[in-house]
>>> print(open('final.pdb').read())   # PDB, C-alpha atoms, pLDDT in the B column
ATOM      1  CA  MET A 404      16.785 146.791-149.933  1.00 27.00           C
ATOM      2  CA  THR A 405      16.714 145.727-146.316  1.00 30.00           C
ATOM      3  CA  GLU A 406      17.322 149.105-144.726  1.00 40.00           C
ATOM      4  CA  VAL A 407      15.241 149.896-141.677  1.00 48.00           C
ATOM      5  CA  ALA A 408      15.485 153.538-140.673  1.00 44.00           C
ATOM      6  CA  SER A 409      14.780 155.117-137.313  1.00 39.00           C
ATOM      7  CA  MET A 410      14.208 158.755-138.063  1.00 38.00           C
ATOM      8  CA  PRO A 411      13.695 161.010-135.029  1.00 37.00           C
ATOM      9  CA  GLU A 412      15.038 164.084-136.820  1.00 36.00           C
ATOM     10  CA  GLN A 413      15.194 163.357-140.545  1.00 39.00           C
ATOM     11  CA  SER A 414      12.692 163.264-143.379  1.00 43.00           C
ATOM     12  CA  ILE A 415      12.402 160.156-145.556  1.00 41.00           C
ATOM     13  CA  ALA A 416      10.698 160.008-148.933  1.00 47.00           C
ATOM     14  CA  PRO A 417       7.546 157.866-148.612  1.00 45.00           C
ATOM     15  CA  ASP A 418       7.918 156.174-152.004  1.00 54.00           C
ATOM     16  CA  GLU A 419      11.173 154.516-150.867  1.00 73.00           C
ATOM     17  CA  HIS A 420       9.469 152.492-148.155  1.00 88.00           C
ATOM     18  CA  SER A 421       6.724 149.990-147.576  1.00 93.00           C
ATOM     19  CA  LEU A 422       5.923 151.797-144.330  1.00 96.00           C
ATOM     20  CA  LEU A 423       6.704 155.319-143.164  1.00 96.00           C
ATOM     21  CA  VAL A 424       5.573 156.418-139.697  1.00 96.00           C
ATOM     22  CA  ASP A 425       6.353 160.130-139.438  1.00 96.00           C
ATOM     23  CA  ASN A 426       6.230 161.946-136.090  1.00 96.00           C
ATOM     24  CA  VAL A 427       3.075 160.174-134.904  1.00 97.00           C
ATOM     25  CA  SER A 428       1.594 161.247-131.586  1.00 96.00           C
ATOM     26  CA  HIS A 429      -1.643 160.115-130.007  1.00 96.00           C
ATOM     27  CA  MET A 430      -3.514 161.257-126.933  1.00 93.00           C
ATOM     28  CA  ILE A 431      -6.564 159.936-125.136  1.00 91.00           C
ATOM     29  CA  GLY A 432      -7.928 162.784-123.099  1.00 90.00           C
ATOM     30  CA  ARG A 433      -4.883 164.269-121.406  1.00 90.00           C
ATOM     31  CA  GLN A 434      -2.898 161.040-121.504  1.00 91.00           C
ATOM     32  CA  THR A 435      -0.129 160.803-124.090  1.00 93.00           C
ATOM     33  CA  ILE A 436       0.008 157.302-125.567  1.00 94.00           C
ATOM     34  CA  LEU A 437       2.497 157.966-128.397  1.00 96.00           C
ATOM     35  CA  ASN A 438       4.865 160.922-128.550  1.00 95.00           C
ATOM     36  CA  GLY A 439       6.573 161.720-131.848  1.00 95.00           C
ATOM     37  CA  VAL A 440       7.057 158.115-133.022  1.00 96.00           C
ATOM     38  CA  SER A 441       8.966 157.897-136.327  1.00 95.00           C
ATOM     39  CA  PHE A 442      10.456 155.007-138.281  1.00 94.00           C
ATOM     40  CA  ALA A 443      10.551 153.653-141.810  1.00 94.00           C
ATOM     41  CA  VAL A 444      10.743 150.114-143.158  1.00 94.00           C
ATOM     42  CA  ARG A 445      11.942 149.247-146.641  1.00 93.00           C
ATOM     43  CA  PRO A 446      10.572 146.297-148.680  1.00 93.00           C
ATOM     44  CA  GLY A 447      11.831 142.970-147.350  1.00 91.00           C
ATOM     45  CA  ALA A 448      13.015 144.465-144.043  1.00 93.00           C
ATOM     46  CA  SER A 449      11.712 143.799-140.543  1.00 93.00           C
ATOM     47  CA  ILE A 450      11.475 145.504-137.176  1.00 93.00           C
ATOM     48  CA  ALA A 451      10.361 144.263-133.778  1.00 93.00           C
ATOM     49  CA  VAL A 452       8.724 146.519-131.202  1.00 95.00           C
ATOM     50  CA  GLN A 453       8.891 145.545-127.554  1.00 92.00           C
ATOM     51  CA  GLY A 454       7.383 147.224-124.528  1.00 88.00           C
ATOM     52  CA  ARG A 455       5.403 146.652-121.363  1.00 86.00           C
ATOM     53  CA  SER A 456       1.665 146.040-121.464  1.00 84.00           C
ATOM     54  CA  GLY A 457      -0.017 149.406-121.830  1.00 84.00           C
ATOM     55  CA  SER A 458       3.004 151.030-123.480  1.00 88.00           C
ATOM     56  CA  GLY A 459       1.068 151.816-126.666  1.00 90.00           C
ATOM     57  CA  LYS A 460       2.103 148.940-128.936  1.00 92.00           C
ATOM     58  CA  SER A 461      -1.449 147.992-129.881  1.00 90.00           C
ATOM     59  CA  THR A 462      -2.330 151.651-130.415  1.00 93.00           C
ATOM     60  CA  LEU A 463       0.618 151.979-132.784  1.00 95.00           C
ATOM     61  CA  LEU A 464      -0.532 148.949-134.798  1.00 94.00           C
ATOM     62  CA  SER A 465      -4.093 150.300-134.925  1.00 94.00           C
ATOM     63  CA  ILE A 466      -2.830 153.631-136.273  1.00 96.00           C
ATOM     64  CA  ILE A 467      -0.680 151.888-138.891  1.00 97.00           C
ATOM     65  CA  MET A 468      -3.736 149.903-140.008  1.00 95.00           C
ATOM     66  CA  GLY A 469      -5.843 153.049-140.206  1.00 94.00           C
ATOM     67  CA  LEU A 470      -8.280 151.809-137.575  1.00 95.00           C
ATOM     68  CA  ILE A 471      -7.771 154.968-135.537  1.00 94.00           C
ATOM     69  CA  ALA A 472      -6.396 158.357-136.578  1.00 94.00           C
ATOM     70  CA  PRO A 473      -3.312 159.745-134.838  1.00 95.00           C
ATOM     71  CA  SER A 474      -3.607 163.025-132.972  1.00 95.00           C
ATOM     72  CA  SER A 475      -0.773 164.282-135.168  1.00 96.00           C
ATOM     73  CA  GLY A 476       1.744 162.948-137.655  1.00 96.00           C
ATOM     74  CA  SER A 477       1.157 160.603-140.569  1.00 96.00           C
ATOM     75  CA  VAL A 478       1.417 156.989-141.700  1.00 97.00           C
ATOM     76  CA  THR A 479       2.243 156.213-145.328  1.00 96.00           C
ATOM     77  CA  ILE A 480       2.028 152.730-146.853  1.00 95.00           C
ATOM     78  CA  ALA A 481       3.631 152.152-150.256  1.00 93.00           C
ATOM     79  CA  GLY A 482       3.532 155.858-151.027  1.00 92.00           C
ATOM     80  CA  GLU A 483      -0.058 156.524-149.908  1.00 94.00           C
ATOM     81  CA  GLN A 484      -1.063 158.112-146.633  1.00 95.00           C
ATOM     82  CA  ILE A 485      -3.498 155.873-144.804  1.00 95.00           C
ATOM     83  CA  SER A 486      -3.768 158.202-141.808  1.00 92.00           C
ATOM     84  CA  SER A 487      -5.475 160.959-143.809  1.00 91.00           C
ATOM     85  CA  ALA A 488      -7.455 158.787-146.229  1.00 94.00           C
ATOM     86  CA  SER A 489     -11.223 158.425-146.140  1.00 94.00           C
ATOM     87  CA  ARG A 490     -12.732 155.578-144.137  1.00 93.00           C
ATOM     88  CA  THR A 491     -13.521 153.679-147.341  1.00 93.00           C
ATOM     89  CA  ARG A 492     -10.022 154.146-148.721  1.00 94.00           C
ATOM     90  CA  ARG A 493      -8.430 153.063-145.421  1.00 93.00           C
ATOM     91  CA  ALA A 494     -10.389 149.808-145.608  1.00 91.00           C
ATOM     92  CA  GLN A 495      -9.239 149.316-149.204  1.00 91.00           C
ATOM     93  CA  ILE A 496      -5.596 149.883-148.250  1.00 93.00           C
ATOM     94  CA  ARG A 497      -5.893 147.412-145.369  1.00 91.00           C
ATOM     95  CA  GLY A 498      -7.386 144.768-147.628  1.00 88.00           C
ATOM     96  CA  ALA A 499      -4.954 145.183-150.506  1.00 89.00           C
ATOM     97  CA  ARG A 500      -1.666 146.170-148.866  1.00 93.00           C
ATOM     98  CA  ILE A 501      -1.621 144.965-145.242  1.00 94.00           C
ATOM     99  CA  GLY A 502      -1.571 141.441-143.830  1.00 93.00           C
ATOM    100  CA  VAL A 503      -2.129 140.875-140.107  1.00 92.00           C
ATOM    101  CA  VAL A 504      -1.253 137.913-137.881  1.00 89.00           C
ATOM    102  CA  PHE A 505      -2.812 137.815-134.408  1.00 84.00           C
ATOM    103  CA  GLN A 506      -1.701 136.045-131.240  1.00 75.00           C
ATOM    104  CA  HIS A 507      -4.497 133.459-131.277  1.00 76.00           C
ATOM    105  CA  ALA A 508      -4.700 132.994-135.078  1.00 79.00           C
ATOM    106  CA  GLU A 509      -8.399 134.044-135.050  1.00 88.00           C
ATOM    107  CA  LEU A 510      -9.487 131.392-137.553  1.00 92.00           C
ATOM    108  CA  LEU A 511     -13.126 130.713-138.394  1.00 93.00           C
ATOM    109  CA  ASP A 512     -13.634 127.126-137.252  1.00 90.00           C
ATOM    110  CA  GLU A 513     -16.631 126.569-139.521  1.00 93.00           C
ATOM    111  CA  LEU A 514     -14.343 126.987-142.544  1.00 95.00           C
ATOM    112  CA  THR A 515     -11.632 124.741-143.951  1.00 96.00           C
ATOM    113  CA  VAL A 516      -7.984 125.742-143.841  1.00 96.00           C
ATOM    114  CA  LYS A 517      -8.082 126.865-147.473  1.00 96.00           C
ATOM    115  CA  GLU A 518     -11.286 128.843-146.945  1.00 96.00           C
ATOM    116  CA  ASN A 519      -9.720 130.638-143.977  1.00 95.00           C
ATOM    117  CA  ILE A 520      -6.719 131.512-146.123  1.00 95.00           C
ATOM    118  CA  LEU A 521      -8.960 132.793-148.920  1.00 95.00           C
ATOM    119  CA  LEU A 522     -11.125 134.963-146.658  1.00 93.00           C
ATOM    120  CA  PRO A 523      -9.218 138.264-147.215  1.00 91.00           C
ATOM    121  CA  SER A 524      -9.343 137.729-150.979  1.00 91.00           C
ATOM    122  CA  TRP A 525     -13.124 137.346-150.793  1.00 90.00           C
ATOM    123  CA  LEU A 526     -13.450 140.533-148.757  1.00 86.00           C
ATOM    124  CA  SER A 527     -11.239 142.480-151.174  1.00 84.00           C
ATOM    125  CA  LYS A 528     -13.070 140.966-154.177  1.00 83.00           C
ATOM    126  CA  SER A 529      -9.860 139.674-155.734  1.00 85.00           C
ATOM    127  CA  ASP A 530      -9.923 137.531-158.863  1.00 90.00           C
ATOM    128  CA  PRO A 531     -11.083 134.137-157.500  1.00 91.00           C
ATOM    129  CA  GLU A 532      -8.906 132.055-159.817  1.00 93.00           C
ATOM    130  CA  VAL A 533      -5.776 134.047-158.989  1.00 93.00           C
ATOM    131  CA  ALA A 534      -6.577 133.853-155.273  1.00 93.00           C
ATOM    132  CA  ALA A 535      -7.158 130.096-155.442  1.00 95.00           C
ATOM    133  CA  ARG A 536      -3.784 129.549-157.118  1.00 94.00           C
ATOM    134  CA  ARG A 537      -2.095 131.750-154.534  1.00 93.00           C
ATOM    135  CA  ALA A 538      -3.801 129.815-151.712  1.00 95.00           C
ATOM    136  CA  ASP A 539      -2.649 126.511-153.164  1.00 94.00           C
ATOM    137  CA  GLU A 540       0.924 127.822-153.383  1.00 91.00           C
ATOM    138  CA  LEU A 541       0.869 128.920-149.737  1.00 90.00           C
ATOM    139  CA  ILE A 542      -0.718 125.650-148.610  1.00 92.00           C
ATOM    140  CA  GLU A 543       2.009 123.662-150.339  1.00 89.00           C
ATOM    141  CA  ARG A 544       4.777 125.955-149.129  1.00 85.00           C
ATOM    142  CA  LEU A 545       3.631 125.845-145.507  1.00 84.00           C
ATOM    143  CA  GLY A 546       2.689 122.165-145.494  1.00 86.00           C
ATOM    144  CA  LEU A 547      -0.949 122.758-144.604  1.00 91.00           C
ATOM    145  CA  PRO A 548      -3.946 120.381-144.899  1.00 92.00           C
ATOM    146  CA  GLY A 549      -6.015 122.667-147.095  1.00 92.00           C
ATOM    147  CA  GLU A 550      -9.275 120.740-147.060  1.00 92.00           C
ATOM    148  CA  ARG A 551      -9.348 119.941-143.345  1.00 93.00           C
ATOM    149  CA  SER A 552     -11.606 121.816-140.965  1.00 94.00           C
ATOM    150  CA  ALA A 553      -9.904 124.476-138.878  1.00 93.00           C
ATOM    151  CA  THR A 554     -11.363 122.779-135.782  1.00 92.00           C
ATOM    152  CA  VAL A 555      -9.114 119.717-136.066  1.00 93.00           C
ATOM    153  CA  ILE A 556      -5.702 121.139-136.975  1.00 91.00           C
ATOM    154  CA  SER A 557      -2.808 121.551-134.547  1.00 87.00           C
ATOM    155  CA  GLY A 558      -1.670 124.779-132.909  1.00 83.00           C
ATOM    156  CA  GLY A 559       1.253 125.063-135.269  1.00 82.00           C
ATOM    157  CA  GLU A 560      -0.995 124.491-138.279  1.00 88.00           C
ATOM    158  CA  ARG A 561      -3.381 127.164-137.024  1.00 87.00           C
ATOM    159  CA  GLN A 562      -0.599 129.730-136.818  1.00 84.00           C
ATOM    160  CA  ARG A 563       0.729 128.771-140.273  1.00 87.00           C
ATOM    161  CA  THR A 564      -2.811 129.105-141.622  1.00 91.00           C
ATOM    162  CA  ALA A 565      -3.033 132.580-140.087  1.00 90.00           C
ATOM    163  CA  LEU A 566       0.255 133.509-141.769  1.00 88.00           C
ATOM    164  CA  ALA A 567      -0.948 132.204-145.133  1.00 90.00           C
ATOM    165  CA  ARG A 568      -4.168 134.195-144.728  1.00 93.00           C
ATOM    166  CA  ALA A 569      -2.108 137.331-144.033  1.00 92.00           C
ATOM    167  CA  LEU A 570      -0.079 136.755-147.207  1.00 90.00           C
ATOM    168  CA  ILE A 571      -2.903 135.794-149.593  1.00 92.00           C
ATOM    169  CA  ASN A 572      -3.279 139.282-151.082  1.00 90.00           C
ATOM    170  CA  ASP A 573       0.500 139.749-151.531  1.00 90.00           C
ATOM    171  CA  PRO A 574       0.696 142.603-149.000  1.00 92.00           C
ATOM    172  CA  VAL A 575       3.464 145.174-148.976  1.00 94.00           C
ATOM    173  CA  LEU A 576       3.330 145.185-145.167  1.00 95.00           C
ATOM    174  CA  LEU A 577       2.893 142.352-142.657  1.00 94.00           C
ATOM    175  CA  LEU A 578       1.891 143.262-139.092  1.00 94.00           C
ATOM    176  CA  ALA A 579       2.137 140.653-136.342  1.00 91.00           C
ATOM    177  CA  ASP A 580       0.663 141.287-132.890  1.00 88.00           C
ATOM    178  CA  GLU A 581       2.204 138.898-130.316  1.00 82.00           C
ATOM    179  CA  PRO A 582       1.995 136.092-132.929  1.00 78.00           C
ATOM    180  CA  THR A 583       3.931 133.553-130.831  1.00 72.00           C
ATOM    181  CA  GLY A 584       2.514 134.429-127.419  1.00 69.00           C
ATOM    182  CA  ALA A 585       0.099 131.491-127.303  1.00 65.00           C
ATOM    183  CA  LEU A 586       2.583 128.854-128.537  1.00 68.00           C
ATOM    184  CA  ASP A 587       4.960 126.530-126.708  1.00 70.00           C
ATOM    185  CA  ALA A 588       8.732 126.858-127.188  1.00 72.00           C
ATOM    186  CA  GLU A 589       9.012 124.502-130.172  1.00 71.00           C
ATOM    187  CA  LEU A 590       6.064 125.980-132.049  1.00 71.00           C
ATOM    188  CA  ARG A 591       7.191 129.505-131.168  1.00 74.00           C
ATOM    189  CA  GLU A 592      10.553 128.927-132.841  1.00 76.00           C
ATOM    190  CA  ALA A 593       8.961 127.509-135.990  1.00 75.00           C
ATOM    191  CA  ALA A 594       6.385 130.309-136.209  1.00 75.00           C
ATOM    192  CA  ALA A 595       9.030 132.994-135.747  1.00 79.00           C
ATOM    193  CA  GLU A 596      11.142 131.499-138.530  1.00 81.00           C
ATOM    194  CA  LEU A 597       8.173 131.585-140.907  1.00 79.00           C
ATOM    195  CA  LEU A 598       7.173 135.108-139.917  1.00 81.00           C
ATOM    196  CA  PHE A 599      10.535 136.518-140.909  1.00 84.00           C
ATOM    197  CA  ASP A 600      11.651 134.196-143.713  1.00 84.00           C
ATOM    198  CA  ILE A 601       8.592 134.104-145.956  1.00 80.00           C
ATOM    199  CA  PRO A 602       7.919 137.864-146.041  1.00 77.00           C
ATOM    200  CA  ALA A 603      11.614 138.514-146.659  1.00 76.00           C
ATOM    201  CA  GLN A 604      11.410 136.213-149.687  1.00 82.00           C
ATOM    202  CA  THR A 605       8.265 137.914-151.009  1.00 83.00           C
ATOM    203  CA  GLY A 606       9.587 141.434-150.437  1.00 88.00           C
ATOM    204  CA  CYS A 607       7.010 142.725-147.982  1.00 91.00           C
ATOM    205  CA  ALA A 608       8.023 144.638-144.870  1.00 95.00           C
ATOM    206  CA  VAL A 609       7.416 143.191-141.405  1.00 94.00           C
ATOM    207  CA  VAL A 610       6.500 144.929-138.143  1.00 95.00           C
ATOM    208  CA  ILE A 611       6.147 142.554-135.216  1.00 92.00           C
ATOM    209  CA  VAL A 612       5.030 143.443-131.686  1.00 91.00           C
ATOM    210  CA  THR A 613       6.305 140.931-129.156  1.00 87.00           C
ATOM    211  CA  HIS A 614       7.244 140.373-125.527  1.00 84.00           C
ATOM    212  CA  ASP A 615       9.641 137.598-126.555  1.00 83.00           C
ATOM    213  CA  PRO A 616      13.287 138.763-126.863  1.00 86.00           C
ATOM    214  CA  ALA A 617      14.198 135.640-128.859  1.00 84.00           C
ATOM    215  CA  VAL A 618      11.577 136.503-131.471  1.00 85.00           C
ATOM    216  CA  ALA A 619      12.545 140.181-131.506  1.00 89.00           C
ATOM    217  CA  GLN A 620      16.185 139.327-132.150  1.00 89.00           C
ATOM    218  CA  ARG A 621      15.254 137.769-135.489  1.00 89.00           C
ATOM    219  CA  ALA A 622      14.230 141.197-136.810  1.00 91.00           C
ATOM    220  CA  ASP A 623      16.649 143.460-138.666  1.00 92.00           C
ATOM    221  CA  HIS A 624      16.221 146.071-135.938  1.00 92.00           C
ATOM    222  CA  GLN A 625      14.664 146.061-132.482  1.00 94.00           C
ATOM    223  CA  PHE A 626      12.866 148.991-130.871  1.00 95.00           C
ATOM    224  CA  THR A 627      11.435 149.607-127.412  1.00 94.00           C
ATOM    225  CA  LEU A 628       8.259 151.620-126.837  1.00 94.00           C
ATOM    226  CA  SER A 629       8.193 153.286-123.424  1.00 92.00           C
ATOM    227  CA  ASP A 630       6.466 156.421-122.116  1.00 90.00           C
ATOM    228  CA  GLY A 631       5.227 157.132-125.621  1.00 92.00           C
ATOM    229  CA  HIS A 632       8.718 157.195-127.149  1.00 93.00           C
ATOM    230  CA  LEU A 633      10.214 154.658-129.567  1.00 93.00           C
ATOM    231  CA  THR A 634      13.919 154.035-129.068  1.00 92.00           C
ATOM    232  CA  ILE A 635      16.423 151.637-130.608  1.00 88.00           C
ATOM    233  CA  SER A 636      16.995 148.668-128.303  1.00 80.00           C
ATOM    234  CA  THR A 637      20.536 148.102-127.082  1.00 54.00           C
TER     235      THR A 637
END
>>> encode(input="final.pdb", output="structure tokens")
Amino acid sequence: MTEVASMPEQSIAPDEHSLLVDNVSHMIGRQTILNGVSFAVRPGASIAVQGRSGSGKSTLLSIIMGLIAPSSGSVTIAGEQISSASRTRRAQIRGARIGVVFQHAELLDELTVKENILLPSWLSKSDPEVAARRADELIERLGLPGERSATVISGGERQRTALARALINDPVLLLADEPTGALDAELREAAAELLFDIPAQTGCAVVIVTHDPAVAQRADHQFTLSDGHLTIST
């Protein structure tokens, strides 16, 4: 259930995994950004990807989300290829199956905490009553002030709100892009604990990109992206 597979030379059935990245390469002009990147993440499992700035981590996340198409290879989420889907279908997969947490939370300050959490459910046109109940559950679980404006909450509350927003549609995959980079040491520890514990309890897979070794070590497996290649960290 918590297997995370690095698969440079083996084929893995896509229906066994929340995420399957199979031999993905990407070039911009003559520059190789990713070169034969392959890994698979089962439900409830987590990986951390580390690498220098410019190593291709953000490109990898963008390909997983279907925002850009790889030059070759494929990305499959819960049994469906997002890399070869139509633009409309890619957007649907992102809304229904992928949650994303960004470094700076990216909340809309004109909305309340609860409204920020509900935003993905509005965009995906989910059942409003079901979404409201789910939001209330996440607010209670994360200890958030649901009716307060996002402009007046603390840094830790902002990051917990961003996590709740990422989980509102019950995604099969949670992507986190430097989610603790803007936090101090105490808040970073608390945010990292939530990032790994809550998705593990809900059964979604987690892929986190981070420069922080302490955060990366919480993942089931750690990888390093360098010169376009993904390798298991030692």
>>> resolve_selection(input="final.pdb", expression="the PyMOL selection byres ((chain A and resi 518) around 12)", output="PyMOL selection string")
chain A and resi 510-517+519-525+531+534-535+538-539+542+548-553+564-565+567-568+571
>>> resolve_selection(input="final.pdb", expression="the PyMOL selection byres ((chain A and resi 619-636) around 6)", output="MDAnalysis selection string")
chainID A and resid 436:438 440 449:454 458 616:618 637
>>> closest_residue(input="final.pdb", among="A:Thr462, A:Gly502, A:Leu576, A:Ala594", to="Ala443 (chain A)", atoms="all atoms listed in the file")
A:Leu576
>>> atom_distance(input="final.pdb", atom1="CA of Gly558 (chain A)", atom2="CA of Asp580 (chain A)")
16.7 Å
>>> atom_distance(input="final.pdb", atom1="CA of Asp530 (chain A)", atom2="CA of Phe599 (chain A)")
27.2 Å
>>> resolve_selection(input="final.pdb", expression="the PyMOL selection byres ((chain A and resi 505) around 6)", output="ChimeraX atom specification")
/A:504,506-508,580,582
>>> axis_aligned_box(input="final.pdb", around="region 567-583 of chain A", padding_each_side="6 Å", output="lines of an AutoDock Vina configuration file")
center_x = -0.1
center_y = 138.7
center_z = -140.9
size_x = 20.1
size_y = 25.0
size_z = 33.2
>>> atom_distance(input="final.pdb", atom1="CA of Ser477 (chain A)", atom2="CA of Leu566 (chain A)")
27.1 Å
>>> closest_residue(input="final.pdb", among="A:Gly469, A:Gly432, A:Gly457, A:Gly439", to="Ile501 (chain A)", atoms="all atoms listed in the file")
A:Gly469
>>> residues_around(input="final.pdb", residues="Leu464 (chain A)", least_positions_apart="4", cutoff="9 Å", atoms="all atoms listed in the file", output="list of chain:residue names")
A:Gly459, A:Lys460, A:Met468, A:Gly469, A:Leu470, A:Leu578, A:Ala579, A:Asp580, A:Val610, A:Val612
>>> write_last_selection(input="final.pdb", atoms="C-alpha atoms", output="PDB file, keeping the file's coordinate frame")
ATOM      1  CA  GLY A 459       1.068 151.816-126.666  1.00 90.00           C
ATOM      2  CA  LYS A 460       2.103 148.940-128.936  1.00 92.00           C
ATOM      3  CA  MET A 468      -3.736 149.903-140.008  1.00 95.00           C
ATOM      4  CA  GLY A 469      -5.843 153.049-140.206  1.00 94.00           C
ATOM      5  CA  LEU A 470      -8.280 151.809-137.575  1.00 95.00           C
ATOM      6  CA  LEU A 578       1.891 143.262-139.092  1.00 94.00           C
ATOM      7  CA  ALA A 579       2.137 140.653-136.342  1.00 91.00           C
ATOM      8  CA  ASP A 580       0.663 141.287-132.890  1.00 88.00           C
ATOM      9  CA  VAL A 610       6.500 144.929-138.143  1.00 95.00           C
ATOM     10  CA  VAL A 612       5.030 143.443-131.686  1.00 91.00           C
TER      11      VAL A 612
END
>>> build_atoms(input="final.pdb", residues="region 466-481 of chain A", atoms="N, CA and C atoms", output="PDB file, keeping the file's coordinate frame")
ATOM      1  N   ILE A 466      -3.048 152.429-135.463  1.00 96.00           N
ATOM      2  CA  ILE A 466      -2.830 153.631-136.273  1.00 96.00           C
ATOM      3  C   ILE A 466      -2.232 153.252-137.623  1.00 96.00           C
ATOM      4  N   ILE A 467      -1.272 152.328-137.625  1.00 97.00           N
ATOM      5  CA  ILE A 467      -0.680 151.888-138.891  1.00 97.00           C
ATOM      6  C   ILE A 467      -1.745 151.279-139.803  1.00 97.00           C
ATOM      7  N   MET A 468      -2.672 150.537-139.220  1.00 95.00           N
ATOM      8  CA  MET A 468      -3.736 149.903-140.008  1.00 95.00           C
ATOM      9  C   MET A 468      -4.835 150.876-140.415  1.00 95.00           C
ATOM     10  N   GLY A 469      -4.800 152.084-139.882  1.00 94.00           N
ATOM     11  CA  GLY A 469      -5.843 153.049-140.206  1.00 94.00           C
ATOM     12  C   GLY A 469      -7.135 152.822-139.454  1.00 94.00           C
ATOM     13  N   LEU A 470      -7.079 152.049-138.372  1.00 95.00           N
ATOM     14  CA  LEU A 470      -8.280 151.809-137.575  1.00 95.00           C
ATOM     15  C   LEU A 470      -8.609 153.003-136.698  1.00 95.00           C
ATOM     16  N   ILE A 471      -7.574 153.720-136.265  1.00 94.00           N
ATOM     17  CA  ILE A 471      -7.771 154.968-135.537  1.00 94.00           C
ATOM     18  C   ILE A 471      -6.827 156.014-136.138  1.00 94.00           C
ATOM     19  N   ALA A 472      -7.214 157.276-136.037  1.00 94.00           N
ATOM     20  CA  ALA A 472      -6.396 158.357-136.578  1.00 94.00           C
ATOM     21  C   ALA A 472      -5.464 158.881-135.487  1.00 94.00           C
ATOM     22  N   PRO A 473      -4.210 159.162-135.825  1.00 95.00           N
ATOM     23  CA  PRO A 473      -3.312 159.745-134.838  1.00 95.00           C
ATOM     24  C   PRO A 473      -3.724 161.175-134.507  1.00 95.00           C
ATOM     25  N   SER A 474      -3.339 161.633-133.319  1.00 95.00           N
ATOM     26  CA  SER A 474      -3.607 163.025-132.972  1.00 95.00           C
ATOM     27  C   SER A 474      -2.804 163.962-133.856  1.00 95.00           C
ATOM     28  N   SER A 475      -1.607 163.529-134.230  1.00 96.00           N
ATOM     29  CA  SER A 475      -0.773 164.282-135.168  1.00 96.00           C
ATOM     30  C   SER A 475       0.202 163.328-135.826  1.00 96.00           C
ATOM     31  N   GLY A 476       0.834 163.802-136.910  1.00 96.00           N
ATOM     32  CA  GLY A 476       1.744 162.948-137.655  1.00 96.00           C
ATOM     33  C   GLY A 476       1.018 162.177-138.739  1.00 96.00           C
ATOM     34  N   SER A 477       1.752 161.323-139.444  1.00 96.00           N
ATOM     35  CA  SER A 477       1.157 160.603-140.569  1.00 96.00           C
ATOM     36  C   SER A 477       1.751 159.212-140.720  1.00 96.00           C
ATOM     37  N   VAL A 478       0.985 158.346-141.358  1.00 97.00           N
ATOM     38  CA  VAL A 478       1.417 156.989-141.700  1.00 97.00           C
ATOM     39  C   VAL A 478       1.219 156.807-143.196  1.00 97.00           C
ATOM     40  N   THR A 479       2.287 156.413-143.883  1.00 96.00           N
ATOM     41  CA  THR A 479       2.243 156.213-145.328  1.00 96.00           C
ATOM     42  C   THR A 479       2.615 154.774-145.647  1.00 96.00           C
ATOM     43  N   ILE A 480       1.800 154.114-146.453  1.00 95.00           N
ATOM     44  CA  ILE A 480       2.028 152.730-146.853  1.00 95.00           C
ATOM     45  C   ILE A 480       2.172 152.682-148.363  1.00 95.00           C
ATOM     46  N   ALA A 481       3.345 152.248-148.815  1.00 93.00           N
ATOM     47  CA  ALA A 481       3.631 152.152-150.256  1.00 93.00           C
ATOM     48  C   ALA A 481       3.303 153.450-150.984  1.00 93.00           C
TER      49      ALA A 481
END
